[in-house]
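K.L.:
Contents are mmCIF, C-alpha atoms and all ligand atoms; chains and numbers go by the auth columns; file name final_33.cif:
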data_run
#
loop_
_atom_site.group_PDB
_atom_site.id
_atom_site.type_symbol
_atom_site.label_atom_id
_atom_site.label_comp_id
_atom_site.label_asym_id
_atom_site.label_seq_id
_atom_site.Cartn_x
_atom_site.Cartn_y
_atom_site.Cartn_z
_atom_site.B_iso_or_equiv
_atom_site.auth_seq_id
_atom_site.auth_asym_id
ATOM 1 C CA MET A 1 14.550 72.716 -54.784 0.00 470 A
ATOM 2 C CA ASN A 2 11.948 72.953 -52.032 0.00 471 A
ATOM 3 C CA LYS A 3 10.977 69.433 -50.966 0.00 472 A
ATOM 4 C CA ASP A 4 7.920 70.466 -48.916 0.00 473 A
ATOM 5 C CA TYR A 5 6.529 72.382 -51.880 0.00 474 A
ATOM 6 C CA ILE A 6 7.175 69.448 -54.213 0.00 475 A
ATOM 7 C CA PHE A 7 5.508 66.913 -51.903 0.00 476 A
ATOM 8 C CA ASP A 8 2.532 69.205 -51.410 0.00 477 A
ATOM 9 C CA PHE A 9 2.144 69.751 -55.176 0.00 478 A
ATOM 10 C CA VAL A 10 2.335 65.996 -55.811 0.00 479 A
ATOM 11 C CA ASP A 11 -0.272 65.310 -53.136 0.00 480 A
ATOM 12 C CA LYS A 12 -2.678 67.826 -54.668 0.00 481 A
ATOM 13 C CA THR A 13 -2.115 66.743 -58.278 0.00 482 A
ATOM 14 C CA LEU A 14 -2.196 62.938 -58.138 0.00 483 A
ATOM 15 C CA THR A 15 -5.494 61.047 -58.085 0.00 484 A
ATOM 16 C CA ASP A 16 -5.946 58.450 -55.319 0.00 485 A
ATOM 17 C CA LYS A 17 -5.568 55.616 -57.811 0.00 486 A
ATOM 18 C CA ARG A 18 -2.297 57.090 -59.064 0.00 487 A
ATOM 19 C CA LYS A 19 -1.036 57.532 -55.504 0.00 488 A
ATOM 20 C CA ILE A 20 -1.078 53.761 -54.972 0.00 489 A
ATOM 21 C CA HIS A 21 1.009 53.164 -58.108 0.00 490 A
ATOM 22 C CA THR A 22 3.332 56.054 -57.234 0.00 491 A
ATOM 23 C CA GLU A 23 3.975 54.683 -53.750 0.00 492 A
ATOM 24 C CA GLY A 24 4.734 51.288 -55.335 0.00 493 A
ATOM 25 C CA VAL A 25 7.256 52.906 -57.678 0.00 494 A
ATOM 26 C CA ARG A 26 8.878 54.812 -54.803 0.00 495 A
ATOM 27 C CA LYS A 27 9.294 51.644 -52.747 0.00 496 A
ATOM 28 C CA MET A 28 10.632 49.592 -55.664 0.00 497 A
ATOM 29 C CA ALA A 29 13.015 52.384 -56.649 0.00 498 A
ATOM 30 C CA PHE A 30 14.421 52.488 -53.099 0.00 499 A
ATOM 31 C CA LYS A 31 14.916 48.737 -53.207 0.00 500 A
ATOM 32 C CA LEU A 32 16.838 49.023 -56.499 0.00 501 A
ATOM 33 C CA CYS A 33 18.867 51.891 -55.018 0.00 502 A
ATOM 34 C CA ASP A 34 19.943 49.583 -52.214 0.00 503 A
ATOM 35 C CA ILE A 35 21.047 46.957 -54.734 0.00 504 A
ATOM 36 C CA TYR A 36 22.696 49.106 -57.389 0.00 505 A
ATOM 37 C CA GLY A 37 23.421 52.392 -55.638 0.00 506 A
ATOM 38 C CA ALA A 38 21.980 55.762 -56.627 0.00 507 A
ATOM 39 C CA ASP A 39 21.125 59.075 -54.974 0.00 508 A
ATOM 40 C CA LYS A 40 17.954 58.241 -53.023 0.00 509 A
ATOM 41 C CA GLU A 41 16.822 61.830 -52.727 0.00 510 A
ATOM 42 C CA LYS A 42 16.885 62.272 -56.507 0.00 511 A
ATOM 43 C CA VAL A 43 15.268 58.894 -57.103 0.00 512 A
ATOM 44 C CA GLU A 44 12.474 59.726 -54.674 0.00 513 A
ATOM 45 C CA ILE A 45 11.651 63.027 -56.390 0.00 514 A
ATOM 46 C CA ALA A 46 11.601 61.334 -59.806 0.00 515 A
ATOM 47 C CA ALA A 47 9.436 58.482 -58.485 0.00 516 A
ATOM 48 C CA ILE A 48 6.775 60.673 -56.888 0.00 517 A
ATOM 49 C CA CYS A 49 6.598 63.025 -59.895 0.00 518 A
ATOM 50 C CA HIS A 50 6.812 60.588 -62.828 0.00 519 A
ATOM 51 C CA ASP A 51 3.040 60.148 -63.317 0.00 520 A
ATOM 52 C CA LEU A 52 1.819 63.581 -62.161 0.00 521 A
ATOM 53 C CA TYR A 53 -0.126 64.005 -65.424 0.00 522 A
ATOM 54 C CA ARG A 54 -1.197 60.408 -65.977 0.00 523 A
ATOM 55 C CA GLY A 55 -4.981 60.142 -66.205 0.00 524 A
ATOM 56 C CA LYS A 56 -5.581 63.853 -66.842 0.00 525 A
ATOM 57 C CA SER A 57 -8.020 64.808 -69.599 0.00 526 A
ATOM 58 C CA MET A 58 -6.849 64.990 -73.198 0.00 527 A
ATOM 59 C CA GLU A 59 -7.884 68.652 -73.213 0.00 528 A
ATOM 60 C CA GLU A 60 -5.656 69.506 -70.250 0.00 529 A
ATOM 61 C CA LEU A 61 -2.740 67.510 -71.644 0.00 530 A
ATOM 62 C CA ASN A 62 -3.013 69.099 -75.093 0.00 531 A
ATOM 63 C CA SER A 63 -3.055 72.593 -73.626 0.00 532 A
ATOM 64 C CA LEU A 64 0.042 71.782 -71.527 0.00 533 A
ATOM 65 C CA VAL A 65 1.819 70.372 -74.606 0.00 534 A
ATOM 66 C CA LYS A 66 1.260 73.753 -76.262 0.00 535 A
ATOM 67 C CA LYS A 67 2.062 75.800 -73.161 0.00 536 A
ATOM 68 C CA TYR A 68 5.458 74.132 -72.793 0.00 537 A
ATOM 69 C CA ASN A 69 6.174 74.048 -76.552 0.00 538 A
ATOM 70 C CA LEU A 70 6.487 70.283 -76.636 0.00 539 A
ATOM 71 C CA ASP A 71 6.605 68.385 -79.933 0.00 540 A
ATOM 72 C CA ASP A 72 3.313 68.108 -81.847 0.00 541 A
ATOM 73 C CA LYS A 73 3.597 64.331 -81.694 0.00 542 A
ATOM 74 C CA TYR A 74 2.438 64.582 -78.063 0.00 543 A
ATOM 75 C CA ILE A 75 -0.911 66.100 -79.068 0.00 544 A
ATOM 76 C CA ASP A 76 -3.717 63.549 -78.502 0.00 545 A
ATOM 77 C CA ASN A 77 -1.137 61.114 -77.151 0.00 546 A
ATOM 78 C CA PRO A 78 -1.508 60.908 -73.348 0.00 547 A
ATOM 79 C CA ASN A 79 0.655 57.813 -73.169 0.00 548 A
ATOM 80 C CA LEU A 80 3.712 59.657 -74.457 0.00 549 A
ATOM 81 C CA ALA A 81 2.777 63.178 -73.329 0.00 550 A
ATOM 82 C CA HIS A 82 2.331 62.644 -69.586 0.00 551 A
ATOM 83 C CA GLY A 83 6.019 62.177 -68.776 0.00 552 A
ATOM 84 C CA LYS A 84 7.149 65.064 -70.977 0.00 553 A
ATOM 85 C CA ILE A 85 4.601 67.380 -69.357 0.00 554 A
ATOM 86 C CA ALA A 86 5.563 66.241 -65.858 0.00 555 A
ATOM 87 C CA ALA A 87 9.220 67.044 -66.601 0.00 556 A
ATOM 88 C CA ALA A 88 8.287 70.499 -67.961 0.00 557 A
ATOM 89 C CA VAL A 89 6.168 71.289 -64.888 0.00 558 A
ATOM 90 C CA MET A 90 8.905 70.040 -62.565 0.00 559 A
ATOM 91 C CA LYS A 91 11.386 72.376 -64.219 0.00 560 A
ATOM 92 C CA ASN A 92 9.126 75.440 -64.565 0.00 561 A
ATOM 93 C CA ILE A 93 6.813 75.240 -61.549 0.00 562 A
ATOM 94 C CA LEU A 94 8.625 73.054 -59.040 0.00 563 A
ATOM 95 C CA LYS A 95 11.984 74.621 -59.934 0.00 564 A
ATOM 96 C CA ILE A 96 13.796 71.305 -60.167 0.00 565 A
ATOM 97 C CA ASP A 97 16.863 71.784 -62.331 0.00 566 A
ATOM 98 C CA ASP A 98 18.637 68.463 -61.829 0.00 567 A
ATOM 99 C CA GLU A 99 18.891 67.005 -65.357 0.00 568 A
ATOM 100 C CA ASP A 100 19.052 63.433 -64.090 0.00 569 A
ATOM 101 C CA ILE A 101 15.759 63.772 -62.202 0.00 570 A
ATOM 102 C CA LEU A 102 14.097 65.510 -65.152 0.00 571 A
ATOM 103 C CA ASN A 103 15.330 62.913 -67.660 0.00 572 A
ATOM 104 C CA ALA A 104 14.194 60.024 -65.461 0.00 573 A
ATOM 105 C CA VAL A 105 10.658 61.446 -65.576 0.00 574 A
ATOM 106 C CA SER A 106 10.798 62.567 -69.203 0.00 575 A
ATOM 107 C CA PHE A 107 11.892 59.130 -70.477 0.00 576 A
ATOM 108 C CA HIS A 108 10.074 56.861 -68.021 0.00 577 A
ATOM 109 C CA THR A 109 7.623 55.658 -70.693 0.00 578 A
ATOM 110 C CA THR A 110 9.913 55.240 -73.693 0.00 579 A
ATOM 111 C CA GLY A 111 13.364 54.730 -72.232 0.00 580 A
ATOM 112 C CA ARG A 112 16.254 55.995 -74.357 0.00 581 A
ATOM 113 C CA ALA A 113 19.776 55.028 -75.367 0.00 582 A
ATOM 114 C CA ALA A 114 22.517 55.473 -72.753 0.00 583 A
ATOM 115 C CA MET A 115 20.121 55.864 -69.842 0.00 584 A
ATOM 116 C CA SER A 116 21.652 56.874 -66.521 0.00 585 A
ATOM 117 C CA GLN A 117 21.397 54.701 -63.422 0.00 586 A
ATOM 118 C CA ILE A 118 18.553 56.827 -62.050 0.00 587 A
ATOM 119 C CA GLU A 119 16.709 56.709 -65.392 0.00 588 A
ATOM 120 C CA LYS A 120 16.985 52.914 -65.447 0.00 589 A
ATOM 121 C CA ILE A 121 15.823 52.593 -61.841 0.00 590 A
ATOM 122 C CA ILE A 122 12.707 54.689 -62.467 0.00 591 A
ATOM 123 C CA PHE A 123 11.984 52.990 -65.804 0.00 592 A
ATOM 124 C CA ILE A 124 12.095 49.501 -64.300 0.00 593 A
ATOM 125 C CA SER A 125 10.410 50.406 -61.003 0.00 594 A
ATOM 126 C CA ASP A 126 7.492 51.794 -62.995 0.00 595 A
ATOM 127 C CA ALA A 127 7.232 48.525 -64.931 0.00 596 A
ATOM 128 C CA ILE A 128 7.453 46.100 -62.000 0.00 597 A
ATOM 129 C CA GLU A 129 6.149 47.850 -58.863 0.00 598 A
ATOM 130 C CA LEU A 130 4.133 45.450 -56.741 0.00 599 A
ATOM 131 C CA ASN A 131 0.693 46.927 -57.502 0.00 600 A
ATOM 132 C CA ARG A 132 1.104 46.308 -61.256 0.00 601 A
ATOM 133 C CA LYS A 133 -1.531 44.105 -62.828 0.00 602 A
ATOM 134 C CA PRO A 134 0.097 40.972 -64.286 0.00 603 A
ATOM 135 C CA TYR A 135 1.283 41.170 -67.899 0.00 604 A
ATOM 136 C CA PRO A 136 3.404 38.791 -70.031 0.00 605 A
ATOM 137 C CA ASN A 137 6.957 38.346 -68.700 0.00 606 A
ATOM 138 C CA LEU A 138 6.357 40.471 -65.587 0.00 607 A
ATOM 139 C CA ASP A 139 7.778 37.791 -63.276 0.00 608 A
ATOM 140 C CA LYS A 140 10.842 37.373 -65.475 0.00 609 A
ATOM 141 C CA ILE A 141 11.462 41.145 -65.556 0.00 610 A
ATOM 142 C CA ARG A 142 11.056 41.281 -61.760 0.00 611 A
ATOM 143 C CA GLU A 143 13.654 38.531 -61.360 0.00 612 A
ATOM 144 C CA LEU A 144 16.095 40.254 -63.705 0.00 613 A
ATOM 145 C CA ALA A 145 15.581 43.628 -62.038 0.00 614 A
ATOM 146 C CA VAL A 146 17.293 42.498 -58.846 0.00 615 A
ATOM 147 C CA THR A 147 20.189 40.727 -60.577 0.00 616 A
ATOM 148 C CA ASP A 148 20.899 42.621 -63.810 0.00 617 A
ATOM 149 C CA LEU A 149 19.329 46.047 -64.265 0.00 618 A
ATOM 150 C CA ASP A 150 20.415 46.371 -67.936 0.00 619 A
ATOM 151 C CA LYS A 151 18.972 42.978 -68.871 0.00 620 A
ATOM 152 C CA ALA A 152 15.735 43.932 -67.115 0.00 621 A
ATOM 153 C CA CYS A 153 15.567 47.147 -69.159 0.00 622 A
ATOM 154 C CA GLU A 154 16.260 45.227 -72.369 0.00 623 A
ATOM 155 C CA MET A 155 13.491 42.736 -71.657 0.00 624 A
ATOM 156 C CA SER A 156 11.004 45.395 -70.624 0.00 625 A
ATOM 157 C CA LEU A 157 11.701 47.384 -73.803 0.00 626 A
ATOM 158 C CA LYS A 158 11.310 44.256 -75.936 0.00 627 A
ATOM 159 C CA ASN A 159 7.985 43.614 -74.206 0.00 628 A
ATOM 160 C CA THR A 160 6.814 47.151 -74.964 0.00 629 A
ATOM 161 C CA ILE A 161 7.890 46.905 -78.609 0.00 630 A
ATOM 162 C CA ASN A 162 6.093 43.571 -79.036 0.00 631 A
ATOM 163 C CA PHE A 163 2.961 44.915 -77.381 0.00 632 A
ATOM 164 C CA LEU A 164 2.911 48.035 -79.571 0.00 633 A
ATOM 165 C CA LYS A 165 3.521 45.963 -82.720 0.00 634 A
ATOM 166 C CA GLU A 166 0.700 43.567 -81.865 0.00 635 A
ATOM 167 C CA SER A 167 -1.713 46.417 -81.226 0.00 636 A
ATOM 168 C CA ASN A 168 -0.579 48.259 -84.372 0.00 637 A
ATOM 169 C CA LYS A 169 0.569 51.335 -82.477 0.00 638 A
ATOM 170 C CA THR A 170 3.550 53.468 -83.414 0.00 639 A
ATOM 171 C CA ILE A 171 6.748 52.791 -81.524 0.00 640 A
ATOM 172 C CA ASP A 172 8.603 55.902 -80.394 0.00 641 A
ATOM 173 C CA LYS A 173 12.127 56.272 -81.788 0.00 642 A
ATOM 174 C CA ASP A 174 13.534 56.577 -78.249 0.00 643 A
ATOM 175 C CA THR A 175 12.151 53.128 -77.409 0.00 644 A
ATOM 176 C CA LEU A 176 13.769 51.547 -80.477 0.00 645 A
ATOM 177 C CA ASP A 177 17.069 53.338 -79.786 0.00 646 A
ATOM 178 C CA ALA A 178 16.944 52.220 -76.164 0.00 647 A
ATOM 179 C CA TYR A 179 16.325 48.591 -77.107 0.00 648 A
ATOM 180 C CA ARG A 180 19.199 48.585 -79.599 0.00 649 A
ATOM 181 C CA TYR A 181 21.451 50.201 -76.993 0.00 650 A
ATOM 182 C CA PHE A 182 20.787 47.508 -74.390 0.00 651 A
ATOM 183 C CA GLN A 183 21.052 44.697 -76.971 0.00 652 A
ATOM 184 C CA GLU A 184 24.524 45.902 -77.927 0.00 653 A
ATOM 185 C CA ARG A 185 25.807 46.198 -74.362 0.00 654 A
HETATM 186 FE FE FE B . 3.728 56.897 -66.693 0.00 701 B
HETATM 187 FE FE FE B . 3.901 55.083 -63.782 0.00 702 B
#
Show me, as structure tokens, the structure contained in the file I just sent.
Ligand code: FE
Ligand code: FE

P.N.:
Amino acid sequence: MNKDYIFDFVDKTLTDKRKIHTEGVRKMAFKLCDIYGADKEKVEIAAICHDLYRGKSMEELNSLVKKYNLDDKYIDNPNLAHGKIAAAVMKNILKIDDEDILNAVSFHTTGRAAMSQIEKIIFISDAIELNRKPYPNLDKIRELAVTDLDKACEMSLKNTINFLKESNKTIDKDTLDAYRYFQER
């Protein structure tokens, strides 16, 4: 894993708008690391890479879905595809082989059952970083994030499920599994 190469690739790939969000996620993730404990080097790599392919054209995303043999359900679905593509590029181009880093990026949008500490930190940091535009329950999730990481994940997942239901969008199985997992803990 060559950190200089990774940072350089991230700098070239992210749009300026995405850089602001990414820096917010990095900062929030470090804060959660200080509270809950996690490998900061791994968390930093996951944070700066998580949205590498957010905001790219549908055409580019679809061709990357095919190139990396990702599931057809990611075709024409930038919201779900961008994290999966980022993880594939990190593994194949950036030569990152740490499963925890790759999973944190791969599942940052949906969550999943039995998430690791690093996965939870990236998932929640993405949802609450300080540049986020206000959305329902954001303040509550922010409060929970610094006291009970699992409860924060549960609430954030519930929020996502409610939002997707209200807007008649399909809810990914990983999101439903993740929500059930945190409810039962
Ligand atoms: Fe994202
Ligand atoms: Fe993000």

K.L.:
Find the spatial neighbours of segment 593-602 of chain A, counting only C-alpha atoms, within a cut-off of 6 Å - ignore same-chain residues fewer than 3 positions away - and output them as number ranges by chain.

P.N.:
A: 493-494, 497-498, 590

K.L.:
Anything within 12 Å of (14.8, 72.7, -60.5): list those residues as a PyMOL selection string, counting all atoms listed in the file and sticking to the file's coordinates.

P.N.:
chain A and resi 470-472+474-475+511+514-515+556-571

K.L.:
Counting all atoms listed in the file, which residues of chain A fall within 7 Å of ligand FE 701 (chain B), and what is the closest atom pair for each with its distance in Å at one decimal, ordered by chain and rising number, as CSV?

P.N.:
residue,atom,partner,partner_atom,distance
A:His519,CA,B:FE701,FE,6.2
A:Asp520,CA,B:FE701,FE,4.7
A:Arg523,CA,B:FE701,FE,6.1
A:His551,CA,B:FE701,FE,6.6
A:Gly552,CA,B:FE701,FE,6.1
A:His577,CA,B:FE701,FE,6.5
A:Thr578,CA,B:FE701,FE,5.7

K.L.:
When you draw a straight line from atom CA of Arg581 of chain A to atom CA of Asn546 of chain A, how long is it in Å?

P.N.:
18.3 Å

K.L.:
Select, from A:Cys518, A:Val615, A:Leu533, A:Cys502, the residue with the minimum atom-to-atom distance to ligand FE 702 (chain B), counting all atoms listed in the file.

P.N.:
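Of all the options, A:Cys518 lies closest to ligand FE 702 (chain B).
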
K.L.:
Just give me the gap between atom CA of Leu549 of chain A and atom CA of Ile640 of chain A in Å, one decimal is fine.

P.N.:
10.3 Å
